[in-house]
file run_39.txt (compact mmCIF, C-alpha atoms)
# COMPACT_ATOMS: atom_id res chain seq x y z
CA MET A 1 0.00 0.00 0.00
CA ALA A 2 1.33 3.45 -0.93
CA PRO A 3 2.64 5.52 2.04
CA THR A 4 0.27 8.40 1.28
CA ARG A 5 -2.71 6.08 1.33
CA VAL A 6 -1.58 4.56 4.63
CA VAL A 7 -1.44 8.00 6.20
CA ARG A 8 -4.83 9.01 4.78
CA ASN A 9 -6.37 5.88 6.30
CA LYS A 10 -5.20 7.03 9.73
CA ILE A 11 -6.85 10.47 9.43
CA LYS A 12 -10.47 10.76 10.50
CA SER A 13 -12.83 10.83 7.50
CA TRP A 14 -14.53 14.07 8.56
CA LEU A 15 -11.16 15.82 8.73
CA LEU A 16 -10.10 14.51 5.30
CA ASN A 17 -13.36 15.77 3.81
CA ALA A 18 -13.43 19.09 5.68
CA ASN A 19 -13.21 22.41 3.87
CA GLU A 20 -10.48 24.91 4.70
CA TYR A 21 -10.76 28.67 4.94
CA ASP A 22 -10.45 30.00 1.42
CA PHE A 23 -9.51 33.51 0.35
CA SER A 24 -7.26 35.28 -2.11
CA ASP A 25 -4.92 38.09 -1.16
CA ILE A 26 -2.90 40.87 -2.73
CA LYS A 27 0.46 42.23 -1.59
CA ASN A 28 -0.04 45.74 -2.92
CA GLY A 29 -2.98 47.91 -3.79
CA ILE A 30 -6.18 48.72 -1.92
CA ARG A 31 -7.23 45.89 0.42
CA LEU A 32 -11.00 45.92 0.81
CA HIS A 33 -11.62 42.17 0.98
CA LEU A 34 -10.86 41.07 4.56
CA ASN A 35 -12.82 43.56 6.70
CA GLU A 36 -9.64 45.02 8.15
CA SER A 37 -9.36 48.52 9.54
CA PRO A 38 -7.80 50.92 7.02
CA PHE A 39 -6.11 52.77 9.89
CA GLU A 40 -2.84 51.76 11.55
CA PRO A 41 -2.74 51.20 15.32
CA PRO A 42 -2.09 54.38 17.34
CA GLN A 43 1.57 55.17 18.02
CA PHE A 44 1.20 54.59 21.77
CA ILE A 45 0.42 50.92 21.06
CA ILE A 46 3.45 50.56 18.78
CA GLU A 47 5.70 52.12 21.42
CA ALA A 48 4.32 49.80 24.12
CA VAL A 49 5.05 46.77 21.93
CA LYS A 50 8.57 48.00 21.13
CA SER A 51 9.38 48.30 24.83
CA TYR A 52 8.81 44.56 25.26
CA LEU A 53 10.46 43.20 22.12
CA SER A 54 13.81 42.71 23.84
CA LYS A 55 12.14 40.35 26.32
CA GLY A 56 11.35 37.79 23.64
CA ASN A 57 13.76 35.25 25.14
CA ARG A 58 11.43 34.77 28.11
CA TYR A 59 7.87 33.49 28.38
CA GLN A 60 5.44 36.25 29.27
CA HIS A 61 4.50 36.44 32.93
CA PRO A 62 0.96 35.14 33.69
CA GLU A 63 0.19 38.52 35.27
CA LEU A 64 0.01 39.96 31.76
CA ILE A 65 -2.80 37.59 30.81
CA GLY A 66 -4.47 38.53 34.07
CA ARG A 67 -4.19 42.21 33.19
CA TYR A 68 -5.63 41.60 29.71
CA ARG A 69 -8.59 39.76 31.24
CA GLU A 70 -9.18 42.58 33.73
CA LEU A 71 -9.17 45.22 31.02
CA ALA A 72 -11.39 43.21 28.65
CA ALA A 73 -13.81 42.67 31.53
CA GLU A 74 -13.86 46.37 32.34
CA TYR A 75 -14.48 47.20 28.66
CA ALA A 76 -17.26 44.60 28.37
CA LYS A 77 -18.73 45.51 31.79
CA VAL A 78 -18.38 41.99 33.21
CA GLU A 79 -16.04 40.33 35.72
CA PRO A 80 -12.51 39.06 34.87
CA ASP A 81 -13.64 35.50 35.67
CA ASN A 82 -16.05 35.83 32.73
CA ILE A 83 -13.25 36.49 30.22
CA TYR A 84 -11.44 33.83 28.19
CA PRO A 85 -8.53 35.45 26.25
CA SER A 86 -7.90 34.14 22.75
CA LEU A 87 -5.96 34.55 19.53
CA GLY A 88 -8.47 36.74 17.77
CA ALA A 89 -12.17 35.92 17.67
CA ASP A 90 -11.19 32.79 15.75
CA GLY A 91 -9.34 31.51 18.81
CA SER A 92 -12.54 31.68 20.84
CA ILE A 93 -14.58 30.06 18.07
CA ARG A 94 -12.02 27.27 17.74
CA ALA A 95 -11.94 26.69 21.51
CA ILE A 96 -15.73 26.36 21.60
CA PHE A 97 -15.88 23.90 18.70
CA TYR A 98 -12.91 21.82 19.85
CA ASN A 99 -14.09 21.53 23.45
CA PHE A 100 -17.89 21.56 23.37
CA VAL A 101 -18.93 19.47 20.35
CA GLU A 102 -18.21 15.93 19.21
CA PRO A 103 -18.56 14.18 15.84
CA GLY A 104 -22.23 13.76 15.00
CA ASP A 105 -23.43 16.67 17.16
CA THR A 106 -25.77 19.22 15.61
CA VAL A 107 -24.59 22.78 14.99
CA VAL A 108 -27.07 25.43 13.82
CA ILE A 109 -25.90 28.53 11.96
CA ASN A 110 -27.43 31.21 9.77
CA TYR A 111 -26.71 31.12 6.06
CA PRO A 112 -24.82 33.04 4.96
CA SER A 113 -22.62 33.70 7.99
CA TYR A 114 -18.94 33.79 8.89
CA SER A 115 -17.31 30.94 6.98
CA MET A 116 -15.20 29.63 9.88
CA TYR A 117 -18.30 28.23 11.61
CA SER A 118 -18.69 25.78 8.73
CA VAL A 119 -14.94 25.11 8.63
CA TYR A 120 -14.75 24.13 12.30
CA SER A 121 -18.01 22.21 12.06
CA SER A 122 -16.68 20.10 9.19
CA VAL A 123 -13.32 19.57 10.91
CA LYS A 124 -15.16 18.22 13.97
CA GLY A 125 -17.50 16.05 11.90
CA THR A 126 -20.70 17.69 13.12
CA LYS A 127 -24.07 17.89 11.44
CA ILE A 128 -24.62 21.45 10.20
CA ILE A 129 -28.10 22.92 9.90
CA ARG A 130 -28.26 26.21 8.02
CA ILE A 131 -31.08 28.71 8.50
CA ASN A 132 -31.39 30.74 5.30
CA LEU A 133 -31.44 34.49 5.80
CA LYS A 134 -34.20 36.36 4.00
CA GLU A 135 -33.76 39.54 1.99
CA ASP A 136 -35.82 42.38 3.45
CA ASN A 137 -35.44 45.50 1.28
CA ASP A 138 -32.12 47.09 2.36
CA TRP A 139 -31.52 44.51 5.10
CA TRP A 140 -31.49 40.77 5.76
CA LYS A 141 -33.19 38.91 8.58
CA THR A 142 -33.14 35.45 10.10
CA ASP A 143 -36.11 33.09 10.32
CA PHE A 144 -36.28 33.16 14.10
CA ASP A 145 -39.05 30.56 14.39
CA GLU A 146 -37.01 28.08 12.34
CA LEU A 147 -33.88 28.97 14.30
CA LEU A 148 -35.73 28.29 17.54
CA LYS A 149 -37.10 24.99 16.24
CA GLN A 150 -33.72 23.69 15.10
CA ALA A 151 -32.01 24.84 18.30
CA GLU A 152 -33.93 22.29 20.36
CA ASN A 153 -31.57 19.47 19.36
CA ALA A 154 -28.41 21.51 18.82
CA GLU A 155 -25.23 21.39 20.87
CA LEU A 156 -24.28 24.77 19.40
CA VAL A 157 -26.26 27.61 17.88
CA VAL A 158 -23.83 30.15 16.45
CA ILE A 159 -25.05 33.59 15.36
CA ASP A 160 -22.89 36.45 14.15
CA ASP A 161 -24.70 39.62 15.10
CA PRO A 162 -24.38 41.79 13.09
CA ASN A 163 -24.11 39.19 10.38
CA ASN A 164 -21.15 38.70 8.09
CA PRO A 165 -21.46 39.07 5.09
CA THR A 166 -24.84 40.87 4.99
CA GLY A 167 -24.02 43.50 7.63
CA SER A 168 -27.52 43.14 9.07
CA PRO A 169 -28.58 42.87 12.71
CA MET A 170 -29.96 39.46 13.64
CA LEU A 171 -31.26 39.51 17.22
CA TRP A 172 -30.62 43.15 18.18
CA ALA A 173 -29.65 41.89 21.69
CA LYS A 174 -33.38 41.65 22.46
CA ARG A 175 -33.89 39.98 25.81
CA ASP A 176 -37.01 38.06 24.76
CA LEU A 177 -35.27 36.51 21.73
CA ILE A 178 -32.17 35.58 23.70
CA SER A 179 -34.34 34.15 26.46
CA GLN A 180 -36.27 31.92 24.08
CA LEU A 181 -33.11 30.65 22.43
CA ALA A 182 -31.22 30.05 25.66
CA GLU A 183 -34.11 28.21 27.29
CA ASN A 184 -34.91 26.05 24.27
CA THR A 185 -31.44 25.16 23.04
CA LYS A 186 -30.05 21.77 24.01
CA GLY A 187 -26.51 23.12 24.34
CA PHE A 188 -24.90 26.55 23.98
CA ILE A 189 -25.86 29.79 22.25
CA VAL A 190 -22.84 31.58 20.76
CA VAL A 191 -23.25 35.21 19.69
CA ASP A 192 -20.30 36.50 17.67
CA GLU A 193 -20.04 40.26 18.23
CA ALA A 194 -17.01 40.89 16.01
CA TYR A 195 -18.64 44.16 14.87
CA TYR A 196 -19.98 45.21 18.25
CA GLU A 197 -18.28 48.62 18.18
CA PHE A 198 -20.04 49.49 14.91
CA ALA A 199 -23.45 48.12 15.91
CA GLY A 200 -23.52 49.45 19.47
CA TYR A 201 -25.65 46.68 21.01
CA THR A 202 -24.54 43.62 22.98
CA VAL A 203 -25.89 40.55 24.76
CA ALA A 204 -22.92 40.47 27.15
CA PRO A 205 -24.90 41.46 30.31
CA LEU A 206 -27.24 38.52 29.72
CA ILE A 207 -24.57 35.88 30.48
CA TYR A 208 -25.51 36.26 34.14
CA GLU A 209 -29.10 35.27 33.40
CA TYR A 210 -28.41 32.58 30.81
CA PRO A 211 -25.32 30.49 31.65
CA ASN A 212 -25.37 28.74 28.26
CA LEU A 213 -24.88 32.07 26.45
CA LEU A 214 -21.38 32.76 25.11
CA VAL A 215 -20.28 36.05 23.52
CA ILE A 216 -17.28 36.50 21.22
CA ARG A 217 -15.40 39.76 20.68
CA THR A 218 -12.30 40.77 18.69
CA LEU A 219 -9.74 43.57 18.59
CA SER A 220 -9.16 43.00 14.88
CA LYS A 221 -11.77 45.41 13.53
CA ALA A 222 -12.47 48.66 15.36
CA PHE A 223 -9.27 48.40 17.43
CA SER A 224 -7.12 48.13 14.24
CA LEU A 225 -5.15 45.14 15.56
CA ALA A 226 -5.96 42.44 12.98
CA SER A 227 -2.45 40.98 12.66
CA TYR A 228 -1.91 41.00 16.41
CA ARG A 229 -4.62 38.32 16.66
CA LEU A 230 -6.44 39.35 19.81
CA GLY A 231 -9.91 38.46 20.99
CA TYR A 232 -11.84 37.25 24.00
CA LEU A 233 -14.86 35.23 24.99
CA ILE A 234 -17.43 36.48 27.52
CA ALA A 235 -19.15 33.63 29.33
CA ASN A 236 -20.20 32.03 32.58
CA GLU A 237 -17.17 31.52 34.83
CA GLU A 238 -17.55 27.72 34.76
CA ILE A 239 -17.32 27.78 30.96
CA VAL A 240 -14.24 30.00 31.14
CA LYS A 241 -12.62 27.68 33.70
CA ALA A 242 -13.23 24.69 31.44
CA LEU A 243 -11.76 26.39 28.38
CA LEU A 244 -8.69 27.60 30.29
CA LYS A 245 -7.85 23.96 31.00
CA SER A 246 -7.16 23.44 27.31
CA SER A 247 -4.94 26.53 26.95
CA THR A 248 -1.84 28.02 28.58
CA PRO A 249 -0.89 31.54 29.76
CA PHE A 250 1.59 31.58 26.87
CA ASP A 251 -0.81 31.05 23.95
CA ILE A 252 -1.01 34.73 23.03
CA PRO A 253 2.43 35.99 21.89
CA LEU A 254 4.04 38.68 24.03
CA PRO A 255 3.89 41.52 21.43
CA SER A 256 0.20 40.81 20.84
CA LEU A 257 -0.57 40.71 24.54
CA ILE A 258 1.16 44.06 25.13
CA ALA A 259 -0.71 45.58 22.17
CA GLY A 260 -4.02 44.38 23.59
CA ILE A 261 -3.27 45.70 27.06
CA ALA A 262 -2.22 49.10 25.70
CA ALA A 263 -5.34 49.30 23.53
CA LEU A 264 -7.75 48.36 26.30
CA GLU A 265 -6.07 50.75 28.74
CA ASN A 266 -6.79 53.58 26.29
CA PRO A 267 -9.78 52.48 24.16
CA SER A 268 -11.07 55.98 23.41
CA TYR A 269 -9.34 55.97 20.00
CA VAL A 270 -11.76 53.28 18.86
CA LYS A 271 -14.65 55.74 18.83
CA ASP A 272 -12.78 57.97 16.37
CA ILE A 273 -12.09 55.02 14.08
CA VAL A 274 -15.71 53.88 14.17
CA ASN A 275 -16.98 57.39 13.46
CA GLU A 276 -14.59 57.78 10.52
CA ILE A 277 -15.51 54.41 9.04
CA ASN A 278 -19.22 55.08 9.45
CA LYS A 279 -18.79 58.40 7.66
CA ASN A 280 -16.89 56.73 4.84
CA LYS A 281 -19.49 53.98 4.70
CA GLU A 282 -22.13 56.55 3.82
CA ILE A 283 -19.91 57.96 1.09
CA LEU A 284 -19.35 54.49 -0.36
CA TYR A 285 -23.00 53.49 -0.01
CA ASN A 286 -24.31 56.62 -1.73
CA GLY A 287 -21.67 56.41 -4.45
CA LEU A 288 -22.48 52.80 -5.26
CA LYS A 289 -26.21 53.56 -5.28
CA LYS A 290 -25.60 56.28 -7.85
CA LEU A 291 -24.02 53.61 -10.04
CA ASN A 292 -27.38 51.81 -9.93
CA LEU A 293 -25.98 48.92 -7.91
CA LYS A 294 -28.03 46.99 -5.39
CA VAL A 295 -26.34 47.84 -2.09
CA TYR A 296 -27.56 46.74 1.33
CA ARG A 297 -27.42 48.76 4.51
CA SER A 298 -24.88 47.67 7.09
CA MET A 299 -24.11 47.93 10.81
CA THR A 300 -20.51 46.83 10.27
CA ASN A 301 -17.37 48.05 8.49
CA PHE A 302 -18.38 46.60 5.10
CA LEU A 303 -21.13 46.68 2.50
CA LEU A 304 -22.80 43.85 0.58
CA ILE A 305 -23.55 44.29 -3.14
CA LYS A 306 -25.70 42.16 -5.42
CA ASP A 307 -24.86 42.30 -9.13
CA LYS A 308 -24.59 39.73 -11.94
CA ARG A 309 -21.52 41.37 -13.48
CA ASN A 310 -17.98 40.46 -12.42
CA LEU A 311 -17.28 43.40 -10.12
CA TRP A 312 -14.24 41.63 -8.65
CA GLU A 313 -12.57 41.43 -12.05
CA MET A 314 -13.42 45.06 -12.80
CA LEU A 315 -11.68 46.27 -9.66
CA ILE A 316 -8.74 43.88 -9.37
CA LYS A 317 -7.31 45.26 -12.63
CA HIS A 318 -6.99 48.55 -10.73
CA ASP A 319 -5.28 46.75 -7.79
CA ILE A 320 -8.43 46.97 -5.68
CA ALA A 321 -9.36 43.75 -3.90
CA ILE A 322 -12.94 43.06 -2.79
CA ARG A 323 -14.48 39.76 -1.65
CA LYS A 324 -16.36 37.75 -4.26
CA LEU A 325 -18.88 35.60 -2.45
CA TYR A 326 -21.50 33.57 -4.35
CA ASP A 327 -24.58 33.98 -6.52
CA SER A 328 -23.57 37.46 -7.71
CA PHE A 329 -22.80 38.81 -4.23
CA TYR A 330 -19.77 40.92 -3.34
CA ARG A 331 -18.53 42.31 -0.04
CA ILE A 332 -16.56 45.55 0.10
CA THR A 333 -14.75 46.67 3.25
CA VAL A 334 -15.07 50.37 4.03
CA GLY A 335 -11.66 51.97 3.64
CA THR A 336 -10.41 55.53 3.96
CA GLU A 337 -12.40 58.30 2.33
CA GLU A 338 -9.88 58.42 -0.50
CA GLN A 339 -10.09 54.66 -1.05
CA CYS A 340 -13.88 54.76 -1.09
CA ARG A 341 -13.88 57.52 -3.71
CA ILE A 342 -11.36 55.59 -5.83
CA VAL A 343 -13.61 52.51 -5.72
CA ILE A 344 -16.61 54.56 -6.83
CA GLU A 345 -14.60 56.21 -9.62
CA LYS A 346 -12.97 53.05 -10.99
CA LEU A 347 -16.09 50.93 -10.72
CA GLY A 348 -18.09 53.68 -12.42
CA GLU A 349 -15.64 53.71 -15.32
CA GLU A 350 -15.73 49.94 -15.67
CA LEU A 351 -19.53 49.76 -15.54
CA GLU A 352 -19.82 52.51 -18.15
CA ASN A 353 -17.40 50.69 -20.43
CA SER A 354 -19.27 47.40 -19.97
CA ASN A 355 -22.55 49.08 -20.92
CA THR A 356 -21.10 50.51 -24.10

call {"tool": "encode", "arguments": {"input": "run_39.txt", "output": "structure tokens"}}
result
Amino acid sequence: MAPTRVVRNKIKSWLLNANEYDFSDIKNGIRLHLNESPFEPPQFIIEAVKSYLSKGNRYQHPELIGRYRELAAEYAKVEPDNIYPSLGADGSIRAIFYNFVEPGDTVVINYPSYSMYSVYSSVKGTKIIRINLKEDNDWWKTDFDELLKQAENAELVVIDDPNNPTGSPMLWAKRDLISQLAENTKGFIVVDEAYYEFAGYTVAPLIYEYPNLLVIRTLSKAFSLASYRLGYLIANEEIVKALLKSSTPFDIPLPSLIAGIAALENPSYVKDIVNEINKNKEILYNGLKKLNLKVYRSMTNFLLIKDKRNLWEMLIKHDIAIRKLYDSFYRITVGTEEQCRIVIEKLGEELENSNT
């Protein structure tokens, strides 16, 4: 038997058949395809990181993780015992899937939603049930009755709110909706609040009423720290204790940890970034509407477009990367004002040429 075949026979079937995260990237040009912040981290964060770079020969002291948890708790208005620190929001998602579900368990998600839910589900060999979102004029909404029905036998119900890639609110942090889900779900409710700073609503306070409610946050978006890979989970302290057993105080690299501490000690800069991106989002939205494109409203740092033409190809020739999704849908991250105006200009030229 060939060596490769022998190895494949030793790998679990669900892992062999799982899908990986798929995206294309560009080295230069205007990056509007990964929902990053267009603004660099403030200088005070860079200086804080620099001051610790010479200590890279040593493991970071556990007190630093403790400080990060304290600050994240203060920011989220919960207790430090309710904070699980992670490598980005993905680290929290991965910890939940790897520790709380087994092969054959049922996972319920909206469709479309953040692609990593499906990736981790397939890697763990779970049964995925997708609740199709419905188009509602300029927004999208979930079928809550169907979500509630399917949640009865689910180990995990995972909802990104606001939703990626539609940008629409799903549950609006409404107590009655959260209550129904939490009380009727077999396992855990996970609310991914990656775009919390843009949306302005949160279910975080409800973890004290519903112990099976878990909330995910990230510093990748509004905090402008995508490559530092920082996030945290907000949950019942028993859940946090359980997850900490499968991690170490050294999981988050020292430079990233220092960046997160500096950011959370002085988070006021985030409001300026959010305000600027929201302003630019209106410029981009109105400009795309004037090009007669179907654009949806958004409570995030991106916009969703529906068009049968190849908008990705039109823009990539100008070194502008956007995310091509499926069925004629495209997602464009909101960049700087200049970048937004360039997108409108270049796309307008391409659409005019295609019409002629």

call {"tool": "atom_distance", "arguments": {"input": "run_39.txt", "atom1": "atom CA of A:Asn275", "atom2": "atom CA of A:Phe198"}}
result
8.6 Å

call {"tool": "atom_distance", "arguments": {"input": "run_39.txt", "atom1": "atom CA of A:Ser86", "atom2": "atom CA of A:Tyr120"}}
result
16.0 Å

call {"tool": "residues_around", "arguments": {"input": "run_39.txt", "residues": "A:Arg175", "least_positions_apart": "3", "cutoff": "8 Å", "atoms": "all atoms listed in the file", "output": "list in words"}}
result
Ile178, Ser179 and Leu206 of chain A

call {"tool": "atom_distance", "arguments": {"input": "run_39.txt", "atom1": "atom CA of A:Leu244", "atom2": "atom CA of A:Tyr84"}}
result
7.1 Å

call {"tool": "closest_atom_pairs", "arguments": {"input": "run_39.txt", "of": "stretch 32-66 of chain A", "to": "stretch 328-335 of chain A", "cutoff": "7 Å", "atoms": "all atoms listed in the file", "output": "Markdown table"}}
result
| residue | atom | partner | partner_atom | distance |
| --- | --- | --- | --- | --- |
| A:Leu32 | CA | A:Thr333 | CA | 4.5 |
| A:His33 | CA | A:Thr333 | CA | 5.9 |
| A:Leu34 | CA | A:Thr333 | CA | 6.9 |
| A:Asn35 | CA | A:Thr333 | CA | 5.0 |
| A:Pro38 | CA | A:Gly335 | CA | 5.2 |

call {"tool": "write_last_selection", "arguments": {"input": "run_39.txt", "atoms": "C-alpha atoms", "output": "compact mmCIF listing (two decimals), keeping the file's coordinate frame"}}
result
# COMPACT_ATOMS: atom_id res chain seq x y z
CA LEU A 32 -11.00 45.92 0.81
CA HIS A 33 -11.62 42.17 0.98
CA LEU A 34 -10.86 41.07 4.56
CA ASN A 35 -12.82 43.56 6.70
CA PRO A 38 -7.80 50.92 7.02

call {"tool": "closest_atom_pairs", "arguments": {"input": "run_39.txt", "of": "stretch 55-164 of chain A", "to": "stretch 249-254 of chain A", "cutoff": "12 Å", "atoms": "all atoms listed in the file", "output": "CSV"}}
result
residue,atom,partner,partner_atom,distance
A:Lys55,CA,A:Leu254,CA,8.6
A:Gly56,CA,A:Leu254,CA,7.4
A:Asn57,CA,A:Leu254,CA,10.4
A:Arg58,CA,A:Leu254,CA,9.3
A:Tyr59,CA,A:Phe250,CA,6.7
A:Gln60,CA,A:Leu254,CA,5.9
A:His61,CA,A:Pro249,CA,7.9
A:Pro62,CA,A:Pro249,CA,5.6
A:Glu63,CA,A:Pro249,CA,9.0
A:Leu64,CA,A:Pro249,CA,8.7
A:Ile65,CA,A:Pro249,CA,6.4
A:Gly66,CA,A:Pro249,CA,9.0
A:Arg67,CA,A:Pro249,CA,11.7
A:Tyr68,CA,A:Ile252,CA,10.6
A:Arg69,CA,A:Pro249,CA,11.4
A:Tyr84,CA,A:Pro249,CA,10.9
A:Pro85,CA,A:Ile252,CA,8.2
A:Ser86,CA,A:Ile252,CA,6.9
A:Leu87,CA,A:Ile252,CA,6.1
A:Gly88,CA,A:Ile252,CA,9.3
A:Gly91,CA,A:Ile252,CA,9.9

call {"tool": "residues_around", "arguments": {"input": "run_39.txt", "residues": "A:Lys289", "least_positions_apart": "6", "cutoff": "12 Å", "atoms": "only C-alpha atoms", "output": "NGL selection string"}}
result
:A and (138 or 282-283 or 295-297 or 303-307 or 344 or 347-348)

call {"tool": "residues_near_point", "arguments": {"input": "run_39.txt", "point": "(-13.3, 47.7, 26.3)", "cutoff": "8 Å", "atoms": "only C-alpha atoms", "output": "list in words"}}
result
Leu71, Ala72, Ala73, Glu74, Tyr75, Ala76, Leu264 and Pro267 of chain A

call {"tool": "closest_atom_pairs", "arguments": {"input": "run_39.txt", "of": "stretch 80-131 of chain A", "to": "stretch 211-224 of chain A", "cutoff": "8 Å", "atoms": "all atoms listed in the file", "output": "CSV"}}
result
residue,atom,partner,partner_atom,distance
A:Gly88,CA,A:Thr218,CA,5.6
A:Ala89,CA,A:Thr218,CA,5.0
A:Ser92,CA,A:Ile216,CA,6.8
A:Ile93,CA,A:Ile216,CA,7.7

call {"tool": "closest_residue", "arguments": {"input": "run_39.txt", "among": "A:Val119, A:Val101, A:Ala48, A:Ile316", "to": "A:Glu350", "atoms": "all atoms listed in the file"}}
result
A:Ile316

call {"tool": "residues_around", "arguments": {"input": "run_39.txt", "residues": "A:Pro255", "least_positions_apart": "2", "cutoff": "7 Å", "atoms": "only C-alpha atoms", "output": "PyMOL selection string"}}
result
chain A and resi 49+52-53+253+257-259

call {"tool": "closest_residue", "arguments": {"input": "run_39.txt", "among": "A:Ile189, A:Ile261, A:Ile45, A:Leu156", "to": "A:Thr126", "atoms": "all atoms listed in the file"}}
result
A:Leu156

call {"tool": "closest_residue", "arguments": {"input": "run_39.txt", "among": "A:Glu209, A:Cys340, A:Lys245, A:Leu225", "to": "A:Ile277", "atoms": "only C-alpha atoms"}}
result
A:Cys340

call {"tool": "residues_near_point", "arguments": {"input": "run_39.txt", "point": "(-30.2, 26.3, 4.8)", "cutoff": "8 Å", "atoms": "all atoms listed in the file", "output": "number ranges by chain"}}
result
A: 110-111, 129-132

call {"tool": "residues_around", "arguments": {"input": "run_39.txt", "residues": "A:Asp160", "least_positions_apart": "4", "cutoff": "7 Å", "atoms": "only C-alpha atoms", "output": "list in words"}}
result
Ser113, Asn164, Val191, Asp192 and Glu193 of chain A

call {"tool": "closest_residue", "arguments": {"input": "run_39.txt", "among": "A:Asn153, A:Asn355, A:Asn184, A:Asn266", "to": "A:Gly104", "atoms": "only C-alpha atoms"}}
result
A:Asn153

call {"tool": "axis_aligned_box", "arguments": {"input": "run_39.txt", "around": "stretch 81-88 of chain A", "padding_each_side": "8 Å", "output": "AutoDock Vina command-line options"}}
result
--center_x -11.0 --center_y 35.3 --center_z 26.7 --size_x 26.1 --size_y 18.9 --size_z 33.9
